file protein-v7.cif (mmCIF, C-alpha atoms and all ligand atoms)
data_input
#
loop_
_atom_site.group_PDB
_atom_site.id
_atom_site.type_symbol
_atom_site.label_atom_id
_atom_site.label_comp_id
_atom_site.auth_asym_id
_atom_site.auth_seq_id
_atom_site.Cartn_x
_atom_site.Cartn_y
_atom_site.Cartn_z
ATOM 1 C CA MET K 1452 0.000 0.000 0.000
ATOM 2 C CA SER K 1453 1.416 3.384 -0.971
ATOM 3 C CA GLY K 1454 0.978 5.336 2.229
ATOM 4 C CA ASN K 1455 -2.703 5.184 3.111
ATOM 5 C CA ALA K 1456 -3.803 5.684 -0.458
ATOM 6 C CA GLY K 1457 -6.283 2.770 -0.337
ATOM 7 C CA GLY K 1458 -8.472 5.087 1.693
ATOM 8 C CA GLY K 1459 -8.047 8.231 -0.315
ATOM 9 C CA LEU K 1460 -5.686 10.577 -2.062
ATOM 10 C CA VAL K 1461 -2.252 10.899 -0.503
ATOM 11 C CA TRP K 1462 -0.323 14.007 -1.402
ATOM 12 C CA GLY K 1463 2.392 16.192 0.085
ATOM 13 C CA LEU K 1464 1.632 19.142 -2.246
ATOM 14 C CA LYS K 1465 5.243 20.286 -2.589
ATOM 15 C CA ALA K 1466 7.975 19.227 -0.193
ATOM 16 C CA SER K 1467 9.886 22.518 -0.452
ATOM 17 C CA PHE K 1468 6.683 24.469 0.261
ATOM 18 C CA LEU K 1469 6.014 22.400 3.402
ATOM 19 C CA ARG K 1470 9.593 22.934 4.578
ATOM 20 C CA TYR K 1471 9.253 26.657 3.879
ATOM 21 C CA VAL K 1472 5.984 27.035 5.810
ATOM 22 C CA THR K 1473 7.384 24.988 8.695
ATOM 23 C CA SER K 1474 10.630 26.951 8.821
ATOM 24 C CA ALA K 1475 8.663 30.236 8.718
ATOM 25 C CA GLU K 1476 6.977 28.934 11.897
ATOM 26 C CA GLY K 1477 3.745 28.682 10.032
ATOM 27 C CA GLU K 1478 0.811 26.513 10.875
ATOM 28 C CA ILE K 1479 -0.487 23.555 8.895
ATOM 29 C CA LYS K 1480 -4.013 22.544 9.849
ATOM 30 C CA VAL K 1481 -6.031 19.563 8.623
ATOM 31 C CA SER K 1482 -9.826 19.598 8.823
ATOM 32 C CA ASP K 1483 -12.998 18.227 7.248
ATOM 33 C CA GLY K 1484 -11.710 14.637 7.440
ATOM 34 C CA ALA K 1485 -8.240 15.280 6.000
ATOM 35 C CA ASP K 1486 -5.391 13.847 8.027
ATOM 36 C CA ILE K 1487 -1.638 13.642 8.177
ATOM 37 C CA ALA K 1488 -0.557 10.508 6.269
ATOM 38 C CA GLY K 1489 1.916 8.008 7.678
ATOM 39 C CA SER K 1490 5.025 9.803 6.479
ATOM 40 C CA GLU K 1491 3.996 13.101 8.166
ATOM 41 C CA THR K 1492 5.051 14.990 5.056
ATOM 42 C CA GLU K 1493 1.906 13.947 3.230
ATOM 43 C CA PHE K 1494 -1.809 14.415 3.731
ATOM 44 C CA LEU K 1495 -4.631 11.949 3.330
ATOM 45 C CA PHE K 1496 -7.820 13.202 1.699
ATOM 46 C CA PRO K 1497 -10.507 10.524 2.213
ATOM 47 C CA SER K 1498 -12.405 9.140 -0.761
ATOM 48 C CA GLY K 1499 -15.632 10.984 -1.516
ATOM 49 C CA ASP K 1500 -18.875 9.760 -3.005
ATOM 50 C CA GLU K 1501 -17.576 9.421 -6.553
ATOM 51 C CA LYS K 1502 -14.489 7.934 -8.137
ATOM 52 C CA GLY K 1503 -11.623 10.394 -8.242
ATOM 53 C CA ARG K 1504 -13.259 12.723 -5.743
ATOM 54 C CA PHE K 1505 -11.702 13.250 -2.350
ATOM 55 C CA THR K 1506 -12.687 15.367 0.612
ATOM 56 C CA GLY K 1507 -10.950 17.246 3.377
ATOM 57 C CA GLN K 1508 -9.057 20.466 3.775
ATOM 58 C CA VAL K 1509 -5.490 21.496 4.568
ATOM 59 C CA ASP K 1510 -4.746 25.113 5.505
ATOM 60 C CA PHE K 1511 -1.276 26.633 5.484
ATOM 61 C CA ASP K 1512 -0.841 29.845 7.412
ATOM 62 C CA ALA K 1513 2.441 31.752 7.859
ATOM 63 C CA HIS K 1514 4.006 35.200 8.016
ATOM 64 C CA GLY K 1515 1.417 36.404 10.516
ATOM 65 C CA GLY K 1516 -1.490 35.568 8.224
ATOM 66 C CA MET K 1517 -0.025 37.035 5.014
ATOM 67 C CA LEU K 1518 0.520 33.560 3.618
ATOM 68 C CA LYS K 1519 -2.724 31.627 3.454
ATOM 69 C CA VAL K 1520 -2.999 28.622 1.182
ATOM 70 C CA THR K 1521 -5.909 26.169 1.256
ATOM 71 C CA ILE K 1522 -6.147 22.809 -0.456
ATOM 72 C CA ALA K 1523 -9.765 21.607 -0.223
ATOM 73 C CA ASP K 1524 -11.572 18.602 -1.737
ATOM 74 C CA PRO K 1525 -8.991 17.535 -4.329
ATOM 75 C CA TRP K 1526 -10.385 15.722 -7.397
ATOM 76 C CA VAL K 1527 -8.512 13.731 -9.986
ATOM 77 C CA GLU K 1528 -10.199 13.923 -13.371
ATOM 78 C CA VAL K 1529 -9.195 11.965 -16.435
ATOM 79 C CA ALA K 1530 -10.289 13.524 -19.739
ATOM 80 C CA GLU K 1531 -11.306 11.549 -22.804
ATOM 81 C CA ASP K 1532 -7.840 11.977 -24.280
ATOM 82 C CA GLY K 1533 -6.398 10.301 -21.173
ATOM 83 C CA LYS K 1534 -4.905 13.492 -19.744
ATOM 84 C CA ALA K 1535 -5.454 13.809 -16.001
ATOM 85 C CA THR K 1536 -5.712 16.915 -13.886
ATOM 86 C CA LEU K 1537 -6.081 17.757 -10.210
ATOM 87 C CA SER K 1538 -8.557 20.392 -9.078
ATOM 88 C CA VAL K 1539 -9.452 21.912 -5.704
ATOM 89 C CA VAL K 1540 -12.114 24.281 -4.405
ATOM 90 C CA ASN K 1541 -11.400 27.844 -5.546
ATOM 91 C CA PRO K 1542 -9.930 29.291 -2.327
ATOM 92 C CA ALA K 1543 -11.776 32.559 -2.922
ATOM 93 C CA LYS K 1544 -15.079 30.621 -2.780
ATOM 94 C CA LEU K 1545 -14.450 28.364 0.213
ATOM 95 C CA LYS K 1546 -17.144 29.994 2.305
ATOM 96 C CA THR K 1547 -19.632 30.871 -0.400
ATOM 97 C CA ASP K 1548 -19.712 28.254 -3.154
ATOM 98 C CA ARG K 1549 -17.573 25.144 -2.881
ATOM 99 C CA SER K 1550 -18.754 23.943 -6.274
ATOM 100 C CA GLN K 1551 -16.408 26.556 -7.789
ATOM 101 C CA ARG K 1552 -13.173 24.751 -8.553
ATOM 102 C CA ILE K 1553 -9.800 25.505 -10.094
ATOM 103 C CA THR K 1554 -7.433 23.081 -11.798
ATOM 104 C CA ILE K 1555 -4.101 23.447 -10.059
ATOM 105 C CA ALA K 1556 -2.037 20.628 -11.575
ATOM 106 C CA ASP K 1557 -1.610 18.647 -14.763
ATOM 107 C CA LEU K 1558 -0.901 15.035 -13.909
ATOM 108 C CA GLY K 1559 1.560 12.841 -15.771
ATOM 109 C CA GLU K 1560 1.077 9.202 -16.697
ATOM 110 C CA ILE K 1561 -1.059 7.309 -14.173
ATOM 111 C CA VAL K 1562 1.110 4.414 -13.011
ATOM 112 C CA PRO K 1563 -0.688 1.564 -11.176
ATOM 113 C CA GLN K 1564 1.277 0.457 -8.118
ATOM 114 C CA GLY K 1565 -0.169 -3.068 -8.040
ATOM 115 C CA ASP K 1566 -1.850 -2.545 -4.688
ATOM 116 C CA GLY K 1567 -5.107 -0.898 -5.720
ATOM 117 C CA THR K 1568 -3.505 2.529 -5.988
ATOM 118 C CA ALA K 1569 -1.836 4.497 -8.746
ATOM 119 C CA GLN K 1570 0.647 7.335 -8.736
ATOM 120 C CA ALA K 1571 1.093 10.258 -11.098
ATOM 121 C CA SER K 1572 3.544 13.131 -11.292
ATOM 122 C CA ALA K 1573 2.043 16.615 -10.960
ATOM 123 C CA ALA K 1574 2.998 19.942 -12.515
ATOM 124 C CA LEU K 1575 1.583 23.390 -11.695
ATOM 125 C CA THR K 1576 -0.970 24.998 -13.964
ATOM 126 C CA MET K 1577 -1.404 28.777 -14.071
ATOM 127 C CA HIS K 1578 -4.114 28.522 -11.403
ATOM 128 C CA GLY K 1579 -1.755 26.442 -9.285
ATOM 129 C CA VAL K 1580 0.886 29.151 -9.599
ATOM 130 C CA TRP K 1581 -1.674 31.659 -8.392
ATOM 131 C CA LEU K 1582 -2.780 29.405 -5.497
ATOM 132 C CA LEU K 1583 0.803 29.276 -4.203
ATOM 133 C CA GLY K 1584 1.363 33.032 -4.361
ATOM 134 C CA ASN K 1585 2.981 33.481 -7.799
ATOM 135 C CA VAL K 1586 6.360 32.247 -6.637
ATOM 136 C CA TYR K 1587 6.693 29.108 -8.743
ATOM 137 C CA GLY K 1588 6.119 28.977 -12.491
ATOM 138 C CA PRO K 1589 3.677 27.019 -14.652
ATOM 139 C CA GLY K 1590 4.999 23.483 -15.192
ATOM 140 C CA ASP K 1591 6.987 23.480 -11.953
ATOM 141 C CA GLU K 1592 6.905 20.086 -10.345
ATOM 142 C CA LEU K 1593 4.769 19.283 -7.333
ATOM 143 C CA ASP K 1594 4.963 16.095 -5.268
ATOM 144 C CA PRO K 1595 3.542 13.003 -6.976
ATOM 145 C CA VAL K 1596 -0.080 12.165 -6.164
ATOM 146 C CA THR K 1597 -1.215 8.675 -5.063
ATOM 147 C CA PHE K 1598 -4.858 7.598 -5.157
ATOM 148 C CA PRO K 1599 -7.090 4.498 -5.288
ATOM 149 C CA TRP K 1600 -7.068 2.947 -8.752
ATOM 150 C CA ALA K 1601 -8.689 -0.249 -9.927
ATOM 151 C CA GLY K 1602 -6.942 -1.748 -12.955
HETATM 152 C C1 LIG S 1701 5.671 38.653 4.935
HETATM 153 C C2 LIG S 1701 5.565 38.103 3.752
HETATM 154 C C3 LIG S 1701 6.573 37.144 3.177
HETATM 155 C C4 LIG S 1701 7.933 37.022 3.392
HETATM 156 C C5 LIG S 1701 8.814 37.852 4.283
HETATM 157 C C6 LIG S 1701 8.382 35.915 2.575
HETATM 158 C C7 LIG S 1701 9.680 35.483 2.481
HETATM 159 C C8 LIG S 1701 10.116 34.444 1.704
HETATM 160 C C9 LIG S 1701 11.500 34.010 1.581
HETATM 161 C C10 LIG S 1701 12.695 34.654 2.285
HETATM 162 C C11 LIG S 1701 11.518 32.951 0.738
HETATM 163 C C12 LIG S 1701 12.738 32.150 0.318
HETATM 164 C C13 LIG S 1701 12.782 30.998 1.291
HETATM 165 C C14 LIG S 1701 13.838 29.992 1.003
HETATM 166 O O1 LIG S 1701 14.421 30.001 -0.074
HETATM 167 O O2 LIG S 1701 14.004 29.108 1.861
HETATM 168 C C15 LIG S 1701 10.164 32.698 0.315
HETATM 169 C C16 LIG S 1701 9.779 31.682 -0.521
HETATM 170 C C17 LIG S 1701 8.452 31.385 -0.859
HETATM 171 N N1 LIG S 1701 7.350 32.116 -0.500
HETATM 172 FE FE1 LIG S 1701 7.331 33.693 0.748
HETATM 173 N N2 LIG S 1701 7.327 35.381 1.902
HETATM 174 C C18 LIG S 1701 6.206 36.105 2.243
HETATM 175 C C19 LIG S 1701 4.921 35.898 1.806
HETATM 176 C C20 LIG S 1701 4.516 34.861 1.007
HETATM 177 C C21 LIG S 1701 3.165 34.662 0.561
HETATM 178 C C22 LIG S 1701 1.946 35.562 0.869
HETATM 179 C C23 LIG S 1701 3.151 33.534 -0.178
HETATM 180 C C24 LIG S 1701 1.905 32.959 -0.814
HETATM 181 C C25 LIG S 1701 1.624 31.676 -0.848
HETATM 182 C C26 LIG S 1701 4.513 33.025 -0.227
HETATM 183 C C27 LIG S 1701 4.943 31.900 -0.886
HETATM 184 C C28 LIG S 1701 6.236 31.491 -1.012
HETATM 185 C C29 LIG S 1701 6.649 30.298 -1.741
HETATM 186 C C30 LIG S 1701 5.733 29.341 -2.485
HETATM 187 C C31 LIG S 1701 8.058 30.232 -1.645
HETATM 188 C C32 LIG S 1701 8.934 29.154 -2.245
HETATM 189 C C33 LIG S 1701 9.154 28.052 -1.228
HETATM 190 C C34 LIG S 1701 10.033 26.949 -1.776
HETATM 191 O O3 LIG S 1701 9.508 26.034 -2.424
HETATM 192 O O4 LIG S 1701 11.255 26.991 -1.538
HETATM 193 N N3 LIG S 1701 5.304 33.854 0.501
HETATM 194 N N4 LIG S 1701 9.334 33.613 0.916
#
call {"tool": "encode", "arguments": {"input": "protein-v7.cif", "output": "structure tokens", "more": "lines below"}}
Ligand code: HEM
result
Amino acid sequence: MSGNAGGGLVWGLKASFLRYVTSAEGEIKVSDGADIAGSETEFLFPSGDEKGRFTGQVDFDAHGGMLKVTIADPWVEVAEDGKATLSVVNPAKLKTDRSQRITIADLGEIVPQGDGTAQASAALTMHGVWLLGNVYGPGDELDPVTFPWAG
């Protein structure tokens, strides 16, 4: 089993970002069913009511509230051409309309791990760049994403 991915999506977002927030004495808070995964540098977002949909929220808060990043309800969607993306709730709409989503990462090839999960590399989209404060660039690599996968 890759982490706890049988029970949901396991993702560390971006290791250097986690190190940065931690070293800036920031706070990382899990809520809504999200949890710290086994490795403690990854989060577990439990499976939702449909395939590829996961629930839970992780909030990063640092620099006295100037840095606020929220990852909520990540979904993996595979388009007809086989290209996969990862979306989250638009952070500007967290309190008003959680159906508003933004695609933050393009996923690479989905590689089954042989244990009911699959892993894919992840690269920032323009919206992902915006979510993380316009510091990284489009295409910059995020941590790989692991999720339940039959087949
Ligand atoms: C008081 C305001 C801020 C200060 C003083 C500050 C300072 C810094 C410094 C010094 C670095 C370089 C850290 C290093 O290389 O280890 C950095 C990186 C970074 N900052 Fe900030 N920052 C501020 C606000 C923000 C905000 C609002 C965001 C929005 C999300 C943000 C996102 C980032 C990111 C993503 C990195 C790159 C981390 C990495 O992967 O190495 N920062 N910041």
call {"tool": "residues_near_ligand", "arguments": {"input": "protein-v7.cif", "ligand": "ligand LIG 1701 (chain S)", "cutoff": "10 Å", "atoms": "all atoms listed in the file", "output": "MDAnalysis selection string"}}
result
chainID K and resid 1465:1472 1474:1475 1511:1521 1580:1587 1593
call {"tool": "resolve_selection", "arguments": {"input": "protein-v7.cif", "expression": "the PyMOL selection byres (((chain K and resi 1487-1504) around 6) and not hetatm)", "output": "list in words"}}
result
Gly1458, Gly1459, Leu1460, Val1461, Trp1462, Gly1463, Ala1485, Asp1486, Phe1505, Thr1506, Gly1507, Trp1526 and Val1527 of chain K
call {"tool": "write_last_selection", "arguments": {"input": "protein-v7.cif", "atoms": "C-alpha atoms", "output": "PDB file, keeping the file's coordinate frame"}}
result
ATOM      1  CA  GLY K1458      -8.472   5.087   1.693  1.00  0.00           C
ATOM      2  CA  GLY K1459      -8.047   8.231  -0.315  1.00  0.00           C
ATOM      3  CA  LEU K1460      -5.686  10.577  -2.062  1.00  0.00           C
ATOM      4  CA  VAL K1461      -2.252  10.899  -0.503  1.00  0.00           C
ATOM      5  CA  TRP K1462      -0.323  14.007  -1.402  1.00  0.00           C
ATOM      6  CA  GLY K1463       2.392  16.192   0.085  1.00  0.00           C
ATOM      7  CA  ALA K1485      -8.240  15.280   6.000  1.00  0.00           C
ATOM      8  CA  ASP K1486      -5.391  13.847   8.027  1.00  0.00           C
ATOM      9  CA  PHE K1505     -11.702  13.250  -2.350  1.00  0.00           C
ATOM     10  CA  THR K1506     -12.687  15.367   0.612  1.00  0.00           C
ATOM     11  CA  GLY K1507     -10.950  17.246   3.377  1.00  0.00           C
ATOM     12  CA  TRP K1526     -10.385  15.722  -7.397  1.00  0.00           C
ATOM     13  CA  VAL K1527      -8.512  13.731  -9.986  1.00  0.00           C
TER      14      VAL K1527
END
call {"tool": "closest_residue", "arguments": {"input": "protein-v7.cif", "among": "K:Val1596, K:Ile1555, K:Met1577, K:Val1509", "to": "Val1539 in chain K", "atoms": "only C-alpha atoms"}}
result
K:Ile1555
call {"tool": "atom_distance", "arguments": {"input": "protein-v7.cif", "atom1": "CA of Ala1601 in chain K", "atom2": "CA of Ala1573 in chain K"}}
result
20.0 Å
call {"tool": "atom_distance", "arguments": {"input": "protein-v7.cif", "atom1": "CA of Asp1557 in chain K", "atom2": "CA of Glu1528 in chain K"}}
result
9.9 Å
call {"tool": "axis_aligned_box", "arguments": {"input": "protein-v7.cif", "around": "range 1521-1529 of chain K", "padding_each_side": "8 Å", "output": "JSON"}}
result
{"center_x": -8.7, "center_y": 19.1, "center_z": -7.6, "size_x": 21.7, "size_y": 30.2, "size_z": 33.7}
call {"tool": "closest_residue", "arguments": {"input": "protein-v7.cif", "among": "K:Ser1550, K:Gln1564, K:Ser1482, K:Thr1536", "to": "Gln1508 in chain K", "atoms": "only C-alpha atoms"}}
result
K:Ser1482
call {"tool": "atom_distance", "arguments": {"input": "protein-v7.cif", "atom1": "CA of Trp1600 in chain K", "atom2": "CA of Glu1560 in chain K"}}
result
13.0 Å
call {"tool": "closest_residue", "arguments": {"input": "protein-v7.cif", "among": "K:Asp1532, K:Asp1524, K:Asp1594, K:Gln1570", "to": "Gln1551 in chain K", "atoms": "all atoms listed in the file"}}
result
K:Asp1524
call {"tool": "resolve_selection", "arguments": {"input": "protein-v7.cif", "expression": "the PyMOL selection byres (((chain K and resi 1542) around 8) and not hetatm)", "output": "PyMOL selection string"}}
result
chain K and resi 1520-1523+1540-1541+1543-1545+1582
call {"tool": "write_last_selection", "arguments": {"input": "protein-v7.cif", "atoms": "C-alpha atoms", "output": "PDB file, in the frame of the given file"}}
result
ATOM      1  CA  VAL K1520      -2.999  28.622   1.182  1.00  0.00           C
ATOM      2  CA  THR K1521      -5.909  26.169   1.256  1.00  0.00           C
ATOM      3  CA  ILE K1522      -6.147  22.809  -0.456  1.00  0.00           C
ATOM      4  CA  ALA K1523      -9.765  21.607  -0.223  1.00  0.00           C
ATOM      5  CA  VAL K1540     -12.114  24.281  -4.405  1.00  0.00           C
ATOM      6  CA  ASN K1541     -11.400  27.844  -5.546  1.00  0.00           C
ATOM      7  CA  ALA K1543     -11.776  32.559  -2.922  1.00  0.00           C
ATOM      8  CA  LYS K1544     -15.079  30.621  -2.780  1.00  0.00           C
ATOM      9  CA  LEU K1545     -14.450  28.364   0.213  1.00  0.00           C
ATOM     10  CA  LEU K1582      -2.780  29.405  -5.497  1.00  0.00           C
TER      11      LEU K1582
END
call {"tool": "resolve_selection", "arguments": {"input": "protein-v7.cif", "expression": "the PyMOL selection byres (((chain K and resi 1574) around 7) and not hetatm)", "output": "JSON, numbers by chain"}}
result
{"K": [1556, 1557, 1558, 1572, 1573, 1575, 1576, 1590, 1591, 1592, 1593]}
call {"tool": "closest_residue", "arguments": {"input": "protein-v7.cif", "among": "K:Leu1464, K:Leu1537, K:Gly1588, K:His1578", "to": "Gly1559 in chain K", "atoms": "only C-alpha atoms"}}
result
K:Leu1537
call {"tool": "closest_residue", "arguments": {"input": "protein-v7.cif", "among": "K:Gly1579, K:Thr1473, K:Asp1483, K:Phe1598", "to": "Val1562 in chain K", "atoms": "all atoms listed in the file"}}
result
K:Phe1598
call {"tool": "decode", "arguments": {"input": "protein-v7.cif", "residues": "range 1542-1562 of chain K", "atoms": "N, CA and C atoms", "output": "compact mmCIF listing (two decimals), in the first residue's frame"}}
result
# COMPACT_ATOMS: atom_id res chain seq x y z
N PRO K 1542 -10.08 28.80 -3.71
CA PRO K 1542 -9.93 29.29 -2.33
C PRO K 1542 -10.71 30.58 -2.06
N ALA K 1543 -11.00 31.33 -3.12
CA ALA K 1543 -11.78 32.56 -2.92
C ALA K 1543 -13.25 32.25 -2.66
N LYS K 1544 -13.66 30.99 -2.89
CA LYS K 1544 -15.08 30.62 -2.78
C LYS K 1544 -15.34 29.60 -1.67
N LEU K 1545 -14.33 29.41 -0.81
CA LEU K 1545 -14.45 28.36 0.21
C LEU K 1545 -15.69 28.52 1.07
N LYS K 1546 -16.04 29.77 1.38
CA LYS K 1546 -17.14 29.99 2.31
C LYS K 1546 -18.47 30.21 1.58
N THR K 1547 -18.40 30.50 0.28
CA THR K 1547 -19.63 30.87 -0.40
C THR K 1547 -20.14 29.83 -1.38
N ASP K 1548 -19.25 29.19 -2.13
CA ASP K 1548 -19.71 28.25 -3.15
C ASP K 1548 -18.62 27.24 -3.48
N ARG K 1549 -18.65 26.13 -2.74
CA ARG K 1549 -17.57 25.14 -2.88
C ARG K 1549 -17.67 24.35 -4.18
N SER K 1550 -18.71 24.62 -4.98
CA SER K 1550 -18.75 23.94 -6.27
C SER K 1550 -17.82 24.65 -7.28
N GLN K 1551 -17.34 25.83 -6.91
CA GLN K 1551 -16.41 26.56 -7.79
C GLN K 1551 -15.01 25.99 -7.60
N ARG K 1552 -14.45 25.44 -8.68
CA ARG K 1552 -13.17 24.75 -8.55
C ARG K 1552 -12.15 25.33 -9.51
N ILE K 1553 -10.87 25.12 -9.17
CA ILE K 1553 -9.80 25.51 -10.09
C ILE K 1553 -8.87 24.30 -10.29
N THR K 1554 -8.38 24.16 -11.49
CA THR K 1554 -7.43 23.08 -11.80
C THR K 1554 -6.04 23.58 -11.48
N ILE K 1555 -5.40 22.93 -10.51
CA ILE K 1555 -4.10 23.45 -10.06
C ILE K 1555 -2.91 22.65 -10.59
N ALA K 1556 -3.17 21.42 -11.08
CA ALA K 1556 -2.04 20.63 -11.57
C ALA K 1556 -2.44 19.77 -12.76
N ASP K 1557 -1.51 19.64 -13.70
CA ASP K 1557 -1.61 18.65 -14.76
C ASP K 1557 -0.87 17.42 -14.27
N LEU K 1558 -1.54 16.27 -14.37
CA LEU K 1558 -0.90 15.04 -13.91
C LEU K 1558 -0.21 14.34 -15.07
N GLY K 1559 0.86 13.63 -14.77
CA GLY K 1559 1.56 12.84 -15.77
C GLY K 1559 0.90 11.48 -15.91
N GLU K 1560 1.62 10.55 -16.48
CA GLU K 1560 1.08 9.20 -16.70
C GLU K 1560 0.63 8.59 -15.37
N ILE K 1561 -0.55 7.97 -15.37
CA ILE K 1561 -1.06 7.31 -14.17
C ILE K 1561 -0.46 5.91 -14.11
N VAL K 1562 0.35 5.66 -13.10
CA VAL K 1562 1.11 4.41 -13.01
C VAL K 1562 0.56 3.55 -11.88
